[in-house]
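Structure file model_13.csv (CSV, C-alpha atoms) is printed below.
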chain,number,residue,atom,x,y,z
A,1,MET,CA,-13.1,9.7,-16.7
A,2,GLU,CA,-16.7,9.3,-17.6
A,3,LYS,CA,-18.9,8.4,-14.6
A,4,ILE,CA,-20.7,5.4,-16.0
A,5,PHE,CA,-22.1,3.9,-12.8
A,6,GLU,CA,-25.1,6.3,-12.6
A,7,ASP,CA,-26.7,4.7,-15.7
A,8,THR,CA,-29.5,2.7,-14.0
A,9,LYS,CA,-31.3,2.0,-17.3
A,10,THR,CA,-28.3,-0.2,-18.3
A,11,ALA,CA,-27.8,-1.5,-14.7
A,12,PHE,CA,-31.3,-2.8,-14.3
A,13,ALA,CA,-32.3,-3.6,-17.9
A,14,LEU,CA,-32.8,-7.3,-17.2
A,15,LYS,CA,-35.1,-6.7,-14.2
A,16,THR,CA,-38.8,-6.6,-14.7
A,17,ASP,CA,-40.8,-4.1,-12.7
A,18,ALA,CA,-41.8,-6.9,-10.3
A,19,GLU,CA,-38.1,-7.9,-9.8
A,20,LEU,CA,-37.1,-4.3,-9.3
A,21,GLU,CA,-39.7,-4.0,-6.5
A,22,ARG,CA,-38.5,-7.3,-5.0
A,23,ALA,CA,-34.9,-6.0,-5.0
A,24,TYR,CA,-36.0,-2.7,-3.4
A,25,PHE,CA,-38.0,-4.6,-0.7
A,26,LEU,CA,-35.1,-7.0,0.1
A,27,PHE,CA,-32.5,-4.2,0.5
A,28,LYS,CA,-34.9,-2.2,2.6
A,29,LEU,CA,-35.2,-5.2,4.8
A,30,ILE,CA,-31.4,-5.8,4.9
A,31,ALA,CA,-30.9,-2.1,5.9
A,32,ASN,CA,-32.7,-2.8,9.2
A,33,GLN,CA,-30.2,-4.6,11.5
A,34,PRO,CA,-32.8,-5.8,14.1
A,35,LEU,CA,-35.0,-7.2,11.3
A,36,VAL,CA,-32.0,-9.1,9.9
A,37,ARG,CA,-31.3,-10.6,13.3
A,38,ILE,CA,-34.9,-11.6,13.8
A,39,GLY,CA,-35.2,-12.9,10.3
A,40,THR,CA,-32.1,-15.0,10.7
A,41,ALA,CA,-33.3,-16.6,13.9
A,42,VAL,CA,-36.8,-17.3,12.4
A,43,THR,CA,-35.3,-18.8,9.2
A,44,ASN,CA,-32.9,-21.0,11.1
A,45,PHE,CA,-35.7,-22.2,13.3
A,46,ALA,CA,-38.0,-22.9,10.4
A,47,ILE,CA,-35.3,-24.9,8.5
A,48,LYS,CA,-34.2,-26.9,11.5
A,49,THR,CA,-37.8,-27.8,12.4
A,50,HIS,CA,-38.6,-28.6,8.7
A,51,LEU,CA,-41.4,-26.0,8.4
A,52,PRO,CA,-42.5,-25.6,4.8
A,53,VAL,CA,-40.7,-22.3,4.1
A,54,GLU,CA,-38.4,-23.3,1.2
A,55,GLY,CA,-40.9,-22.0,-1.4
A,56,LEU,CA,-41.0,-18.6,0.2
A,57,ILE,CA,-37.3,-18.4,0.6
A,58,ARG,CA,-36.8,-19.6,-3.0
A,59,SER,CA,-39.1,-16.9,-4.5
A,60,THR,CA,-37.6,-14.0,-2.5
A,61,VAL,CA,-34.0,-13.9,-1.1
A,62,PHE,CA,-32.7,-17.1,-2.8
A,63,ASP,CA,-33.7,-16.1,-6.3
A,64,HIS,CA,-32.3,-12.7,-5.8
A,65,PHE,CA,-28.8,-13.8,-4.6
A,66,CYS,CA,-28.5,-17.3,-6.1
A,67,GLY,CA,-28.6,-18.7,-9.7
A,68,GLY,CA,-30.4,-21.9,-8.8
A,69,VAL,CA,-30.3,-25.2,-7.0
A,70,ASN,CA,-27.9,-26.9,-9.5
A,71,GLU,CA,-25.8,-26.1,-12.5
A,72,GLU,CA,-28.6,-26.7,-15.0
A,73,ASP,CA,-31.0,-24.6,-13.0
A,74,CYS,CA,-28.5,-21.7,-13.3
A,75,MET,CA,-28.2,-21.8,-17.1
A,76,PRO,CA,-31.2,-19.6,-18.1
A,77,VAL,CA,-29.8,-16.9,-15.7
A,78,ILE,CA,-26.2,-17.4,-17.0
A,79,ASP,CA,-27.3,-17.1,-20.7
A,80,LYS,CA,-29.5,-14.1,-19.9
A,81,ILE,CA,-26.8,-12.0,-18.3
A,82,PHE,CA,-24.2,-13.1,-20.8
A,83,GLU,CA,-26.3,-11.4,-23.5
A,84,LYS,CA,-25.5,-8.1,-21.6
A,85,GLY,CA,-21.8,-8.8,-21.6
A,86,VAL,CA,-21.6,-10.2,-18.1
A,87,CYS,CA,-20.1,-13.6,-17.4
A,88,SER,CA,-20.7,-15.9,-14.4
A,89,VAL,CA,-18.6,-17.7,-11.9
A,90,LEU,CA,-20.5,-20.7,-10.6
A,91,ASP,CA,-20.0,-21.0,-6.8
A,92,TYR,CA,-21.3,-24.1,-5.1
A,93,SER,CA,-22.1,-22.2,-1.8
A,94,VAL,CA,-22.8,-25.1,0.5
A,95,GLU,CA,-20.7,-24.3,3.7
A,96,GLY,CA,-17.7,-26.5,4.4
A,97,LYS,CA,-18.2,-29.6,6.5
A,98,ASP,CA,-15.5,-31.6,8.3
A,99,GLU,CA,-16.5,-35.2,7.3
A,100,GLU,CA,-14.6,-36.8,4.4
A,101,ASN,CA,-17.7,-37.7,2.3
A,102,PRO,CA,-18.9,-34.0,2.0
A,103,LEU,CA,-15.3,-33.0,1.2
A,104,ASP,CA,-15.0,-35.6,-1.5
A,105,GLU,CA,-18.4,-34.5,-2.8
A,106,SER,CA,-17.3,-30.8,-2.8
A,107,HIS,CA,-14.2,-31.9,-4.8
A,108,ARG,CA,-16.3,-33.9,-7.3
A,109,ARG,CA,-18.6,-30.9,-7.7
A,110,VAL,CA,-15.6,-28.6,-8.6
A,111,ILE,CA,-14.4,-31.1,-11.2
A,112,ASP,CA,-17.9,-31.3,-12.7
A,113,ILE,CA,-18.0,-27.5,-12.8
A,114,LEU,CA,-14.6,-27.4,-14.5
A,115,ASN,CA,-15.9,-29.6,-17.3
A,116,PHE,CA,-19.0,-27.5,-17.4
A,117,VAL,CA,-16.9,-24.3,-17.7
A,118,LYS,CA,-14.9,-25.7,-20.6
A,119,GLU,CA,-18.1,-25.9,-22.7
A,120,LYS,CA,-19.5,-22.4,-21.8
A,121,GLU,CA,-17.9,-19.2,-22.9
A,122,ALA,CA,-20.2,-17.4,-20.4
A,123,ILE,CA,-18.5,-19.2,-17.5
A,124,PRO,CA,-14.7,-18.3,-17.6
A,125,PHE,CA,-13.8,-19.4,-14.1
A,126,ALA,CA,-14.4,-22.2,-11.6
A,127,VAL,CA,-14.0,-21.6,-7.8
A,128,PHE,CA,-13.7,-23.4,-4.5
A,129,LYS,CA,-13.0,-22.6,-0.8
A,130,PRO,CA,-10.0,-24.3,0.9
A,131,SER,CA,-12.4,-25.6,3.7
A,132,GLY,CA,-14.4,-27.2,1.0
A,133,PHE,CA,-11.5,-29.5,0.3
A,134,GLY,CA,-10.2,-30.0,3.9
A,135,ARG,CA,-11.0,-29.6,7.6
A,136,PHE,CA,-10.7,-26.0,8.8
A,137,SER,CA,-9.0,-27.1,12.0
A,138,LEU,CA,-6.4,-29.1,10.0
A,139,PHE,CA,-5.5,-26.0,8.0
A,140,GLN,CA,-5.3,-24.1,11.3
A,141,LYS,CA,-3.0,-26.6,12.9
A,142,ILE,CA,-0.6,-26.5,9.9
A,143,SER,CA,-0.8,-22.7,9.9
A,144,GLU,CA,0.2,-22.6,13.6
A,145,GLY,CA,3.2,-24.8,12.8
A,146,LYS,CA,2.1,-27.7,14.9
A,147,GLU,CA,3.2,-31.2,14.2
A,148,LEU,CA,0.5,-33.5,12.7
A,149,THR,CA,-0.2,-37.0,13.9
A,150,ILE,CA,0.2,-39.8,11.4
A,151,ARG,CA,-3.6,-39.9,10.9
A,152,GLU,CA,-3.7,-36.1,10.3
A,153,GLN,CA,-0.8,-36.4,7.9
A,154,ASP,CA,-2.7,-38.9,5.9
A,155,GLU,CA,-5.7,-36.6,6.0
A,156,TRP,CA,-3.6,-33.7,4.8
A,157,ASP,CA,-2.2,-35.8,1.9
A,158,ARG,CA,-5.8,-36.2,0.8
A,159,VAL,CA,-6.4,-32.5,1.0
A,160,VAL,CA,-3.3,-31.9,-1.1
A,161,HIS,CA,-4.5,-34.5,-3.6
A,162,ARG,CA,-7.9,-32.7,-3.9
A,163,PHE,CA,-6.2,-29.4,-4.6
A,164,ASP,CA,-3.8,-30.9,-7.1
A,165,SER,CA,-6.5,-32.9,-8.9
A,166,ALA,CA,-8.7,-29.8,-9.3
A,167,CYS,CA,-5.7,-27.6,-10.4
A,168,ARG,CA,-4.4,-30.2,-12.8
A,169,LYS,CA,-7.9,-30.6,-14.3
A,170,ALA,CA,-8.1,-26.8,-14.8
A,171,HIS,CA,-4.7,-26.8,-16.4
A,172,GLN,CA,-5.6,-29.7,-18.8
A,173,LEU,CA,-8.9,-27.9,-19.8
A,174,ASP,CA,-7.2,-24.5,-20.0
A,175,VAL,CA,-9.8,-23.1,-17.6
A,176,SER,CA,-9.0,-20.6,-14.8
A,177,LEU,CA,-9.6,-21.6,-11.2
A,178,LEU,CA,-10.2,-19.2,-8.3
A,179,ILE,CA,-9.5,-20.3,-4.8
A,180,ASP,CA,-11.2,-18.2,-2.1
A,181,ALA,CA,-9.6,-16.9,1.1
A,182,GLU,CA,-10.8,-17.6,4.6
A,183,GLU,CA,-10.0,-16.6,8.2
A,184,SER,CA,-6.4,-15.5,8.9
A,185,TRP,CA,-5.6,-18.3,11.4
A,186,MET,CA,-6.0,-21.0,8.7
A,187,GLN,CA,-4.8,-19.0,5.7
A,188,ASP,CA,-1.0,-19.6,5.9
A,189,ALA,CA,-1.4,-23.3,5.1
A,190,ALA,CA,-3.8,-22.5,2.2
A,191,ASP,CA,-1.5,-19.8,0.8
A,192,GLU,CA,1.5,-22.2,0.8
A,193,LEU,CA,-0.5,-24.9,-0.9
A,194,ILE,CA,-1.9,-22.5,-3.5
A,195,THR,CA,1.6,-21.2,-4.2
A,196,ASP,CA,2.7,-24.8,-4.8
A,197,MET,CA,-0.2,-25.1,-7.3
A,198,MET,CA,0.8,-21.9,-9.1
A,199,ARG,CA,4.4,-23.1,-9.2
A,200,LYS,CA,3.2,-26.3,-10.8
A,201,TYR,CA,0.4,-25.2,-13.1
A,202,ASN,CA,1.0,-21.6,-13.9
A,203,ARG,CA,4.2,-22.1,-15.9
A,204,LYS,CA,3.0,-20.8,-19.3
A,205,LYS,CA,0.0,-18.6,-18.2
A,206,THR,CA,-2.2,-18.0,-15.2
A,207,VAL,CA,-4.5,-20.9,-14.4
A,208,VAL,CA,-4.7,-20.9,-10.6
A,209,TYR,CA,-5.7,-17.8,-8.6
A,210,ASN,CA,-5.2,-17.2,-4.9
A,211,THR,CA,-7.4,-14.6,-3.1
A,212,LEU,CA,-6.1,-11.8,-1.0
A,213,GLN,CA,-8.3,-10.0,1.6
A,214,MET,CA,-6.9,-6.5,1.6
A,215,TYR,CA,-8.5,-5.6,4.9
A,216,ARG,CA,-5.4,-7.4,6.2
A,217,TRP,CA,-2.5,-5.0,6.7
A,218,ASP,CA,0.0,-7.7,5.8
A,219,ARG,CA,-1.3,-8.6,2.3
A,220,MET,CA,0.7,-6.1,0.3
A,221,ASP,CA,3.9,-7.5,1.6
A,222,PHE,CA,2.7,-11.0,0.8
A,223,LEU,CA,1.8,-9.9,-2.8
A,224,LYS,CA,5.2,-8.3,-3.4
A,225,LYS,CA,7.0,-11.4,-2.0
A,226,LEU,CA,4.9,-13.7,-4.2
A,227,CYS,CA,5.6,-11.7,-7.3
A,228,LYS,CA,9.4,-11.7,-6.6
A,229,GLN,CA,9.2,-15.5,-6.0
A,230,ALA,CA,7.3,-16.0,-9.3
A,231,GLU,CA,9.9,-13.9,-11.2
A,232,GLU,CA,12.8,-15.9,-9.7
A,233,GLU,CA,11.1,-19.3,-10.2
A,234,GLY,CA,9.4,-18.7,-13.6
A,235,PHE,CA,5.7,-19.0,-12.9
A,236,TYR,CA,2.7,-16.7,-13.3
A,237,VAL,CA,0.6,-15.3,-10.4
A,238,GLY,CA,-3.2,-15.1,-10.4
A,239,ILE,CA,-4.8,-13.0,-7.7
A,240,LYS,CA,-8.4,-12.3,-6.8
A,241,LEU,CA,-8.4,-9.0,-4.8
A,242,VAL,CA,-11.2,-8.5,-2.3
A,243,ARG,CA,-11.6,-6.3,0.7
A,244,GLY,CA,-12.6,-9.2,3.0
A,245,ALA,CA,-15.5,-11.0,4.6
A,246,TYR,CA,-14.6,-11.9,8.3
A,247,MET,CA,-13.8,-8.6,9.9
A,248,GLU,CA,-15.8,-8.9,13.1
A,249,LYS,CA,-14.8,-12.5,13.6
A,250,GLU,CA,-11.1,-11.5,13.1
A,251,ASN,CA,-11.2,-8.6,15.5
A,252,GLU,CA,-13.1,-10.6,18.2
A,253,ARG,CA,-10.7,-13.5,18.1
A,254,ALA,CA,-7.6,-11.2,18.2
A,255,GLU,CA,-9.0,-9.5,21.3
A,256,GLU,CA,-10.0,-12.7,22.9
A,257,LYS,CA,-6.6,-14.4,22.4
A,258,GLY,CA,-4.5,-11.2,23.0
A,259,TYR,CA,-2.7,-10.8,19.7
A,260,PRO,CA,-2.6,-7.8,17.4
A,261,THR,CA,-5.6,-7.8,15.0
A,262,PRO,CA,-4.6,-8.6,11.4
A,263,ILE,CA,-7.3,-6.1,10.2
A,264,CYS,CA,-6.4,-2.6,9.0
A,265,PRO,CA,-7.2,0.1,11.5
A,266,SER,CA,-9.9,1.8,9.3
A,267,LYS,CA,-11.9,1.4,6.1
A,268,ASP,CA,-9.7,4.2,4.6
A,269,ALA,CA,-6.6,2.1,5.3
A,270,THR,CA,-8.3,-1.0,3.7
A,271,ASP,CA,-9.3,1.1,0.6
A,272,LYS,CA,-5.8,2.4,0.3
A,273,ASN,CA,-4.4,-1.1,0.6
A,274,PHE,CA,-6.8,-2.5,-2.1
A,275,ASN,CA,-6.0,0.3,-4.5
A,276,GLU,CA,-2.3,0.0,-3.9
A,277,ALA,CA,-2.5,-3.6,-4.8
A,278,LEU,CA,-4.3,-2.8,-8.1
A,279,THR,CA,-1.6,-0.3,-9.0
A,280,TYR,CA,1.2,-2.8,-8.1
A,281,MET,CA,-0.4,-5.6,-10.1
A,282,ILE,CA,-0.9,-3.4,-13.2
A,283,ASP,CA,2.8,-2.4,-12.9
A,284,HIS,CA,3.6,-6.2,-12.9
A,285,LEU,CA,1.0,-7.3,-15.5
A,286,ASP,CA,3.7,-9.2,-17.4
A,287,ARG,CA,3.8,-11.7,-14.4
A,288,MET,CA,0.3,-11.2,-12.9
A,289,SER,CA,-3.4,-11.6,-13.6
A,290,ILE,CA,-6.1,-9.7,-11.7
A,291,PHE,CA,-9.6,-10.6,-10.7
A,292,ALA,CA,-10.8,-7.4,-8.9
A,293,GLY,CA,-13.6,-8.6,-6.7
A,294,THR,CA,-15.1,-5.2,-5.7
A,295,HIS,CA,-18.4,-3.5,-5.1
A,296,ASN,CA,-16.5,-0.2,-4.7
A,297,GLU,CA,-17.0,2.4,-7.4
A,298,GLU,CA,-13.8,4.3,-6.6
A,299,SER,CA,-11.7,1.2,-6.9
A,300,SER,CA,-13.4,0.3,-10.2
A,301,TYR,CA,-12.7,3.7,-11.6
A,302,ILE,CA,-9.1,3.5,-10.5
A,303,LEU,CA,-8.6,0.2,-12.3
A,304,MET,CA,-10.3,1.5,-15.4
A,305,LYS,CA,-8.0,4.6,-15.3
A,306,LEU,CA,-4.9,2.4,-14.8
A,307,MET,CA,-5.9,0.4,-17.9
A,308,GLU,CA,-6.4,3.6,-19.9
A,309,ASP,CA,-3.1,5.1,-18.7
A,310,TYR,CA,-1.1,1.9,-19.5
A,311,ASN,CA,-3.0,1.5,-22.9
A,312,ILE,CA,-4.4,-1.9,-21.8
A,313,ALA,CA,-7.3,-3.2,-23.9
A,314,LYS,CA,-10.6,-3.3,-22.0
A,315,ASP,CA,-10.9,-7.0,-22.8
A,316,ASP,CA,-7.3,-8.0,-21.9
A,317,PRO,CA,-7.7,-11.5,-20.5
A,318,ARG,CA,-5.4,-10.7,-17.6
A,319,ILE,CA,-7.9,-8.3,-16.0
A,320,TRP,CA,-11.4,-9.1,-14.7
A,321,PHE,CA,-13.9,-7.2,-12.6
A,322,GLY,CA,-16.2,-9.2,-10.4
A,323,GLN,CA,-19.3,-8.7,-8.2
A,324,LEU,CA,-21.7,-10.9,-6.4
A,325,TYR,CA,-24.9,-11.9,-8.1
A,326,GLY,CA,-27.8,-9.8,-6.8
A,327,MET,CA,-25.6,-6.9,-5.9
A,328,SER,CA,-23.9,-3.9,-7.6
A,329,ASP,CA,-25.6,-4.3,-10.9
A,330,HIS,CA,-24.7,-0.7,-11.7
A,331,LEU,CA,-21.1,-1.8,-11.8
A,332,SER,CA,-21.4,-5.2,-13.5
A,333,TYR,CA,-23.8,-4.2,-16.4
A,334,ASN,CA,-22.2,-0.8,-17.1
A,335,LEU,CA,-18.8,-2.4,-17.3
A,336,GLY,CA,-20.0,-5.2,-19.5
A,337,ALA,CA,-21.9,-2.8,-21.8
A,338,ARG,CA,-18.6,-0.9,-22.3
A,339,GLY,CA,-16.5,-4.0,-23.2
A,340,TYR,CA,-14.7,-4.8,-19.9
A,341,ASN,CA,-14.2,-8.3,-18.7
A,342,VAL,CA,-16.7,-8.7,-15.9
A,343,ALA,CA,-18.3,-11.7,-14.0
A,344,LYS,CA,-20.9,-12.2,-11.4
A,345,TYR,CA,-20.1,-14.7,-8.6
A,346,MET,CA,-23.3,-16.9,-8.8
A,347,PRO,CA,-24.0,-19.0,-5.7
A,348,PHE,CA,-26.0,-22.2,-6.2
A,349,GLY,CA,-27.0,-25.2,-4.2
A,350,PRO,CA,-30.0,-26.7,-2.4
A,351,VAL,CA,-32.0,-24.0,-0.7
A,352,LYS,CA,-31.6,-25.2,2.9
A,353,ASP,CA,-27.9,-25.8,2.4
A,354,VAL,CA,-27.2,-22.4,0.9
A,355,MET,CA,-29.0,-20.6,3.7
A,356,PRO,CA,-25.9,-20.1,5.9
A,357,TYR,CA,-24.3,-18.3,2.9
A,358,LEU,CA,-27.4,-16.1,2.4
A,359,ILE,CA,-27.6,-15.3,6.1
A,360,ARG,CA,-23.9,-14.3,6.1
A,361,ARG,CA,-24.5,-12.1,3.0
A,362,ALA,CA,-27.4,-10.3,4.7
A,363,GLU,CA,-25.4,-9.7,7.9
A,364,GLU,CA,-22.4,-8.4,5.9
A,365,ASN,CA,-24.6,-6.0,4.0
A,366,THR,CA,-25.9,-4.5,7.3
A,367,SER,CA,-22.4,-4.0,8.5
A,368,VAL,CA,-20.9,-2.5,5.3
A,369,ALA,CA,-21.4,1.3,5.6
A,370,GLY,CA,-23.0,2.7,2.5
A,371,GLN,CA,-23.4,-0.5,0.5
A,372,THR,CA,-27.1,-1.1,1.2
A,373,SER,CA,-28.0,2.6,1.0
A,374,ARG,CA,-26.3,2.9,-2.4
A,375,GLU,CA,-28.2,-0.1,-3.7
A,376,LEU,CA,-31.5,1.5,-2.5
A,377,SER,CA,-30.7,4.9,-4.0
A,378,LEU,CA,-30.0,3.3,-7.4
A,379,LEU,CA,-33.2,1.1,-7.3
A,380,LYS,CA,-35.2,4.2,-6.3
A,381,LYS,CA,-33.7,6.2,-9.2
A,382,GLU,CA,-34.6,3.4,-11.7
A,383,ARG,CA,-38.2,3.1,-10.3
A,384,LYS,CA,-38.6,6.9,-10.8
A,385,ARG,CA,-37.0,6.7,-14.3
A,386,ARG,CA,-39.4,4.0,-15.4
A,387,LYS,CA,-42.5,5.9,-14.0
A,388,LEU,CA,-41.5,9.0,-15.9
A,389,GLU,CA,-40.8,7.0,-19.1
A,390,PHE,CA,-44.4,5.8,-19.1
A,391,VAL,CA,-46.1,9.1,-18.2

Using structure tokens, write down the structure from this file.
Amino acid sequence: MEKIFEDTKTAFALKTDAELERAYFLFKLIANQPLVRIGTAVTNFAIKTHLPVEGLIRSTVFDHFCGGVNEEDCMPVIDKIFEKGVCSVLDYSVEGKDEENPLDESHRRVIDILNFVKEKEAIPFAVFKPSGFGRFSLFQKISEGKELTIREQDEWDRVVHRFDSACRKAHQLDVSLLIDAEESWMQDAADELITDMMRKYNRKKTVVYNTLQMYRWDRMDFLKKLCKQAEEEGFYVGIKLVRGAYMEKENERAEEKGYPTPICPSKDATDKNFNEALTYMIDHLDRMSIFAGTHNEESSYILMKLMEDYNIAKDDPRIWFGQLYGMSDHLSYNLGARGYNVAKYMPFGPVKDVMPYLIRRAEENTSVAGQTSRELSLLKKERKRRKLEFV
């Protein structure tokens, strides 16, 4: 198969020289773990003490990894990347809060985005996190099989209502809805609720998507069980496949509480798990839809090869590739240029409220072996290409 991801001219066509330099500077910074730790502490302090740093943050890390402060602010970016064949998934990236008002606000925001998505071909999906619709500790208590108090049951009923309202709206508008995964100790309750939503709203086609973090060794069994259940009960399954985002937290908690870690023993095992899931889902494409959320070149090539072997059209609506905005442009824009369905997860929200997301993103990048160095090597290659072009 043609190795398309070395094409930096296509990958960075939208970046000005100044934006290319900014990206190179940011990834050089992220590659340095001590600097990330210091920068995180300083940024948190500056925001908590209301120092005037928002402008600086906005013009550097925020504008690189986020689309804007609200939906309208994101539109110029969305339109620009859509011209290159890359869609957007608007992700309101304000971290979940436990009070009812913010939860209701998060739900309202998702409903607004669904209406917004319906009007824009460039935005094929809406998305939310379970903890955006309900208290994390409530999901945890249900996942642990503990009995709820009357008050907690009332609270859970409101969580179910928020889920159902969003999924019903997506179904009515014929818009796809991704639901993100979180830590394993709250995920069982979320999985059960999302399966209920699939059973209800995925009767004719895939509307609701769950997310499977394939660094968990139990997710292949879950996937196969869900597919069998869907075949028996007559509904369709939507899955966003990712490797995972909470590895250190998962391993630390397992060690602290004395239970076996849910995380695969190695990156190779995680990669194998992810790629096995791709193959399984292509084998069951009559019942499943895939959103392959990956920054991994090998997995992307595997999915492309599977589509070729099974004679599946590049723009088959059941198969999407996805990457985070500000990362892996060599995947997104080269896939888009060749006619595949591809979307950037585009975080947005007020600068200070999105900072926890941005800090987590920086910390994840420092811990993912090879990710940052790959970004840097491609940026360096494009800088060199541009210099030679103008010699």

Distance query 9 Å from (-30.0, -24.5, 0.0) using only C-alpha atoms, result as a short mmCIF file (atom, residue, chain, number, x, y, z; two decimals) with C-alpha atoms, in the frame of the given file:
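Output file point_11.cif follows:
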data_model
loop_
_atom_site.label_atom_id
_atom_site.label_comp_id
_atom_site.auth_asym_id
_atom_site.auth_seq_id
_atom_site.Cartn_x
_atom_site.Cartn_y
_atom_site.Cartn_z
CA GLU A 54 -38.40 -23.30 1.20
CA ARG A 58 -36.80 -19.60 -3.00
CA PHE A 62 -32.70 -17.10 -2.80
CA VAL A 69 -30.30 -25.20 -7.00
CA SER A 93 -22.10 -22.20 -1.80
CA VAL A 94 -22.80 -25.10 0.50
CA PHE A 348 -26.00 -22.20 -6.20
CA GLY A 349 -27.00 -25.20 -4.20
CA PRO A 350 -30.00 -26.70 -2.40
CA VAL A 351 -32.00 -24.00 -0.70
CA LYS A 352 -31.60 -25.20 2.90
CA ASP A 353 -27.90 -25.80 2.40
CA VAL A 354 -27.20 -22.40 0.90
CA MET A 355 -29.00 -20.60 3.70
CA PRO A 356 -25.90 -20.10 5.90
CA TYR A 357 -24.30 -18.30 2.90
#

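Separating atom CA of A:Trp320 from atom CA of A:Ile81 is a distance of 16.1 Å.
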
Quick one: of A:Arg162, A:Lys84, A:Arg386, A:His64, who's nearest to A:Val342, counting only C-alpha atoms?
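Of A:Arg162, A:Lys84, A:Arg386, A:His64, the one nearest A:Val342, counting only C-alpha atoms, is A:Lys84.
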
Selection: 9 Å around stretch 102-107 of chain A, all atoms listed in the file, excl. self and same-chain fewer than 6 positions, as a list in words
Tyr92, Val94, Gly96, Phe128, Ser131, Gly132, Phe133, Gly134, Arg135, Val159, Arg162, Phe163, Ser165 and Ala166 of chain A

Excluding A:Glu276 and its own-chain neighbours fewer than 3 positions away, which residues fall within 12 Å of it when counting only C-alpha atoms? Please give them as a CSV table (one decimal) with C-alpha atoms, keeping the file's coordinate frame.
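And here's selection-v9.csv as it stands now:
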chain,number,residue,atom,x,y,z
A,214,MET,CA,-6.9,-6.5,1.6
A,217,TRP,CA,-2.5,-5.0,6.7
A,219,ARG,CA,-1.3,-8.6,2.3
A,220,MET,CA,0.7,-6.1,0.3
A,221,ASP,CA,3.9,-7.5,1.6
A,223,LEU,CA,1.8,-9.9,-2.8
A,224,LYS,CA,5.2,-8.3,-3.4
A,241,LEU,CA,-8.4,-9.0,-4.8
A,269,ALA,CA,-6.6,2.1,5.3
A,270,THR,CA,-8.3,-1.0,3.7
A,271,ASP,CA,-9.3,1.1,0.6
A,272,LYS,CA,-5.8,2.4,0.3
A,273,ASN,CA,-4.4,-1.1,0.6
A,279,THR,CA,-1.6,-0.3,-9.0
A,280,TYR,CA,1.2,-2.8,-8.1
A,281,MET,CA,-0.4,-5.6,-10.1
A,282,ILE,CA,-0.9,-3.4,-13.2
A,283,ASP,CA,2.8,-2.4,-12.9
A,299,SER,CA,-11.7,1.2,-6.9
A,302,ILE,CA,-9.1,3.5,-10.5
A,303,LEU,CA,-8.6,0.2,-12.3
A,306,LEU,CA,-4.9,2.4,-14.8

Show me, as a Markdown table, the residues of stretch 186-232 of chain A having an atom within 8 Å of stretch 138-147 of chain A, each with the closest atom pair and its distance in Å, using only C-alpha atoms.
| residue | atom | partner | partner_atom | distance |
| --- | --- | --- | --- | --- |
| A:Met186 | CA | A:Gln140 | CA | 4.1 |
| A:Gln187 | CA | A:Ser143 | CA | 6.9 |
| A:Asp188 | CA | A:Ser143 | CA | 5.1 |
| A:Ala189 | CA | A:Ser143 | CA | 4.9 |
| A:Ala190 | CA | A:Phe139 | CA | 7.0 |

Point-to-point distance in Å for atom CA of A:Asp79 and atom CA of A:Arg22
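Those two atoms sit 21.6 Å apart.
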